[in-house]
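Visitor: Please find one structure pasted underneath; my questions will follow.
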Amino acid sequence: MSVSRAGKGGVNHLFYFITKHNYRCSDIIFVKDRRGAMAKQQDTKKLFEDLSGAGKSIGVLTSGGDAQGMNAAVRAVVRMGIYVGAKVYFIHEGYQGMVDGGDNIEEASWESVSSMLQVGGTVIGSARCKEFRSHEGRLKAAHQLVLRGITNLCVIGGDGSLTGANLFREEWSGLLEELVRQGLIDEEAAQNNSELHIVGMVGSIDNDFCGTDMTIGTDSALHRIIEVVDAIMTTAQSHQRTFVLEVMGRHCGYLALVSALACGADWVLIPEMPPEDGWEEHMCQKLSESRSRGSRLNIIIVAEGAIDRQGKAITVDNVKDLVVSCLGFDTRVTILGHVQRGGTPSAFDRILASRMGVEAVLALLEASDSTPACVVSLCGNQAVRLPLMECVQMTQDVQKSMDEKNFEEAVRLRGRSFENNLNTYKLLSYHKADSELPNSSFNVAVLNVGAPAAGMNAAVRSAVRVGIKEGHKMFAVNDGFEGFYKGQIKEITWGDVAGWTGQGGSILGTKRTLPAKHLDKIAEQIRIHNINALLVIGGFEAFECLLQLYEARTSHEDFCIPMCVLPATISNNVPGTDLSIGADTSLNAIVETCDRIKQSASGTKRRVFIIETMGGYCGYLASVGGLAAGADTVYIYEEPFDIRDLQSNVEHLTEKMKTGIQRGLVLRNENSNENFTTDFIYQLYSEEGKGVFDCRKNVLGHMQQGGAPSPFDRNFGTKIAAKAIQWISRKLKESFKNGKVFANTEDTACLLGMRRRTMAFQPVVQLKDETDFAHRIPKEQWWLKLRPLMKILAKYKTSYDVSDSGQLEPVTRVRPKKAD
């Protein structure tokens with residue numbers, strides 16, 4: 001392989017550099033061999049090289065209300081389009097720009113979308129266009145597109161924008177005929193532009209579009225809301241105040257519902273599920289009971305479209321007046337307004353938008369005249385393509401159901417994600433008197449294991465409260481299994497976990513100690529406290545702990561109880577799950593730091609930053625953080641690299657410095673290679689980039705573990721903990737015989753994880769074969785499929801596996817009951 005050094009003496013110079021710094025060449029040969037083995041495994045995959053965009057033109061526009069993450073979607077469409085050989089055009093100011101034409105339709109370049117990723121709103125502008133709603137307006141728009149040969153449209157907006165796009169597509173052939181009759185275009189132009197293909201991406205902070213679990217902008221809006229709520233809670237606590245907050249959502253209560261779940265609000269009012277008649281008394285009773293248990297504040301969240309059962313609007317002022325008149329509490333109102341639309345997009349929204357943007361281009365490349373207009377959506381952790389108008393129809397059916405006061409149907413039509421959030425909130429929201437609760441006579445212990453992860457406390461709170469509502473006596477174990485065998489176990493009550501949702505770290509305390517050496521003492525504590533079930537919240541160590549306890553059942557009957565692990569680690573390295581509690585918070589910390597570093601690099605020009613992330617041997621944080629931050633290169637253990645790769649990356653950055661983007665961002669997972677350390681890579685880049693760019697390095701360290709949990713981690717931890725306790729309750733009933741609990745089957749020691757589209761309980765013993773215990777990672781990791789996407793967006797030539805690409809699916813209206 002021939003490699004030339006930028007301006008100096010070729011690959012020999014690199015080997016001189018390695019020898020000078022005491023690095024062994026044998027290690028380079030070793031990693032090269034490993035990489036070759038990986039390449040052979042990829043040969044069988046379906047790749048997208050045959051999907052050429054040559055001769056095609058793609059127009060991208062943002063329409064309707066703006067949403068954070070729209071720019072990431074535009075960037076992905078532009079770069080993916082250019083990568084496959086198509087021309088890509090910005091259509092400024094939405095449909096208005098399409099109608100007006102001129103400078104509003106501008107060819108995009110690779111550099112023109114640089115520095116877009118971290119910017120909120122939409123830099124290409126958005127507008128609501130009345131003219132496009134008329135036939136004459138659409139005729140003008142068609143003329144402008146034909147003049148530029150644009151026959152592929154990527155529309156980023158809400159249901160109104162996407163409906164307009166579909167109507168435009170249906171009328172396309174008629175519009176062309178009309179343009180020919182008017183002499184505005186000739187027959188050849190009409191023939192060359194005879195088909196218009198439409199792909200939609202939903203950009204809406206309200207998350208009001210049916211068919212997708214999350215729309216672009218929703219997660220960022222939740223970040224803004226939770227930032228405000230966390231700030232308000234400190235002042236509310238100081239003065240023993242009640243705060244009534246209004247959040248956006250004229251027709252959809254998603255933001256209100258999820259923010260209430262994420263902050264532990266006392267009451268929430270949403271349009272899809274109005275409160276029962278007499279709600280005023282119930283709400284005041286709950287607020288009063290909360291204060292009597294020692295709480296110094298109350299939070300009530302109201303969606304701007306909240307209504308009662310008769311369809312009458314419920315405003316924040318109505319709620320404030322009610323609280324003041326009935327309870328006399330000092331009450332304040334805060335209306336968040338357009339703050340929710342603003343600010344930097346979250347890591348989740350950047351990744352979602354980037355994935356959807358690439359998927360949209362693939363959908364356009366594969367489209368034919370018989371393909372219906374589709375919308376690119378997210379289902380669980382899977383990208384899917386759905387028929388656009390079926391989704392629009394279902395979205396409109398929600399409003400119809402609400403108008404007809406069929407609220408249960410409206411909730412069902414909103415989809416699985418909305419329904420699960422509502423059910424979880426109901427489960428946690430109202431604490432009955434002890435005399436009204438069922439009495440199960442079961443004791444359930446909760447503990448944290450491994451390194452702390454943001455969202456652990458939300459999971460513990462949820463587990464405790466759902467357990468109490470199920471009738472169990474809940475016990476908290478301090479300091480993991482170390483505290484368990486030492487007897488640091490005490491009962492924990494409903495009020496004990498108040499305010500835990502927004503707390504970072506682990507309030508219970510957590511240790512990495514494994515139980516294998518202390519089995520007798522742990523068994524003794526189980527007998528002393530009569531523990532009937534165990535919920536372990538933690539990372540890879542938690543998985544190992546449950547595996548050890550399961551295997552010890554043959555010698556210790558005390559471990560024959562239902563046991564469940566909830567994955568909680570910033571590294572996201574637990575087998576059996578695509579996502580772990582804490583990883584999203586850590587990603588946001590990494591991305592926020594990278595944004596600041598990129599800003600510094602842009603100011604000084606010709607500077608490359610080498611950043612080291614945590615994660616052990618798992619490259620999730622580095623890879624997904626790199627995708628969200630717009631990194632040029634990411635080094636991870638799972639994808640071995642050698643000195644020639646390093647040289648190629650240096651040359652790539654050297655070429656980049658010749659363009660208008662004179663900065664570089666390189667991420668390295670802490671254990672990506674024992675020889676190519678962060679210091680080595682920094683020294684290599686510094687030496688090889690002399691005269692072209694200079695380097696700086698930054699080790700992020702434990703700041704990735706700290707901070708308040710993100711809305712996603714609070715919500716995820718709350719929901720899966722509630723689900724785990726319900727599973728434990730079922731297993732306790734099934735295994736209770738002859739006056740005692742005896743559970744010794746594989747399916748009574750499980751890990752609850754997200755697998756693509758579903759949450760699944762998986763026996764830990766069955767996950768052994770999927771695990772690389774030496775490196776503490778799963779053998780197969782879904783996010784590795786995102787690596788080529790990151791490389792493409794950084795202008796590297798690479799292969800991209802599209803065998804798992806979203807296929808057009810029907811919209812599911814009635815779902816079968818999910819199995820346990």
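Chain identifiers are assigned as A, B, and so on, following the order in which chains appear in the structure tokens; residues are numbered from 1 within each chain, and ligands are numbered from 1 in order of appearance.
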Taking the DSSP assignment computed from this structure's backbone, write out as a PyMOL selection string all residues of range 60-255 of chain A that belong to strand (DSSP E or B).

Guide: chain A and resi 60-62+87-91+105-107+152-157+197-203+216+242-247

Visitor: Excluding Val146 in chain A and residues on its chain fewer than 4 positions from it, collect all residues at most 8 Å away from it, counting only C-alpha atoms, and give them as a tab-separated table (two decimals) with C-alpha atoms, in the first residue's frame.

Guide:
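Here's the written file selection.tsv:
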chain	number	residue	atom	x	y	z
A	142	ALA	CA	-43.53	23.24	-10.25
A	150	ILE	CA	-35.38	19.01	-9.27
A	151	THR	CA	-37.56	15.89	-9.19
A	189	ALA	CA	-38.46	19.28	-20.10
A	190	ALA	CA	-41.80	17.74	-19.15
A	193	ASN	CA	-39.04	15.71	-15.15

Visitor: Would you work out the distance separating CA of Leu179 in chain A from CA of Arg148 in chain A, expressed in Å to one decimal?

Guide: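 Distance reported for this atom pair: 14.6 Å.
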
Visitor: Between A:Thr331, A:Gln525, A:Gln781, A:Asn675, which residue has the minimum interatomic distance to Arg756 in chain A, considering only C-alpha atoms?

Guide: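 Ranked by minimum distance to Arg756 in chain A, first place goes to A:Gln781.
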
Visitor: Check the smallest atom-to-atom distance from each of A:Ala360, A:Leu287, A:Gly305, A:Ser194 to Val60 in chain A using only C-alpha atoms, then report the winner.

Guide: A:Ala360

Visitor: Neighbours of range 764-776 of chain A within 12 Å (only C-alpha atoms; same-chain residues fewer than 3 positions away dropped), as JSON, numbers by chain?

Guide: {"A": [539, 540, 541, 542, 543, 544, 545, 546, 547, 548, 549, 550, 551, 563, 564, 565, 566, 567, 571, 572, 573, 574, 575, 576, 577, 615, 616, 617, 618, 619, 637, 638, 671, 672, 745, 746, 747, 748, 749, 750, 751, 752, 753, 760, 761, 779, 780, 781]}

Visitor: Between A:Arg181, A:His223, A:Arg607, A:Arg350, which has the minimum distance to Phe712 in chain A (counting only C-alpha atoms)?

Guide: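 Between A:Arg181, A:His223, A:Arg607, A:Arg350, the residue approaching Phe712 in chain A most closely is A:His223.
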
Visitor: Which of range 117-280 of chain A counts as alpha helix (DSSP H) under DSSP, as JSON, numbers by chain please?

Guide: {"A": [135, 136, 137, 138, 139, 140, 141, 142, 143, 144, 145, 146, 147, 148, 159, 160, 161, 162, 163, 164, 165, 166, 167, 168, 169, 170, 171, 172, 173, 174, 175, 176, 177, 178, 179, 180, 181, 187, 188, 189, 190, 191, 192, 218, 219, 220, 221, 222, 223, 224, 225, 226, 227, 228, 229, 230, 231, 232, 233, 234, 235, 236, 237, 238, 239, 254, 255, 256, 257, 258, 259, 260, 261, 262, 263, 279, 280]}

Visitor: What lies within 12 Å of His338 in chain A using only C-alpha atoms, ignoring chain neighbours under 3 positions off, as a VMD selection string?

Guide: chain A and resid 65 to 68 121 205 221 224 to 225 246 to 249 335 341 to 343

Visitor: Between A:Gly582, A:Gly53, A:Gly603, A:Gly509, which is the closest to Val477 in chain A once you count only C-alpha atoms?

Guide: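 Smallest distance to Val477 in chain A is found for A:Gly509.
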
Visitor: Can you pull out every residue within 12 Å of Ser600 in chain A, counting only C-alpha atoms, but drop anything in the same chain fewer than 4 positions away, and send it as a PDB file with C-alpha atoms, in the first residue's frame?

Guide:
ATOM      1  CA  THR A 593     -17.876  20.016  25.255  1.00  0.00           C
ATOM      2  CA  CYS A 594     -17.135  19.245  21.586  1.00  0.00           C
ATOM      3  CA  ASP A 595     -19.287  22.206  20.512  1.00  0.00           C
ATOM      4  CA  ARG A 596     -17.217  24.534  22.660  1.00  0.00           C
ATOM      5  CA  THR A 604      -7.962  30.110  15.925  1.00  0.00           C
ATOM      6  CA  LYS A 605      -8.131  28.404  12.478  1.00  0.00           C
ATOM      7  CA  ARG A 606      -6.104  25.390  11.343  1.00  0.00           C
ATOM      8  CA  ARG A 607      -6.397  23.590  14.651  1.00  0.00           C
ATOM      9  CA  VAL A 608      -7.198  19.915  15.325  1.00  0.00           C
ATOM     10  CA  PHE A 609      -8.452  18.720  18.712  1.00  0.00           C
ATOM     11  CA  GLN A 662     -10.222  24.990   8.854  1.00  0.00           C
ATOM     12  CA  ARG A 663     -10.669  22.923  11.987  1.00  0.00           C
ATOM     13  CA  GLY A 664     -10.606  19.263  12.980  1.00  0.00           C
ATOM     14  CA  LEU A 665     -12.187  17.099  15.655  1.00  0.00           C
ATOM     15  CA  ARG A 696      -4.497  20.228  21.138  1.00  0.00           C
TER      16      ARG A 696
END
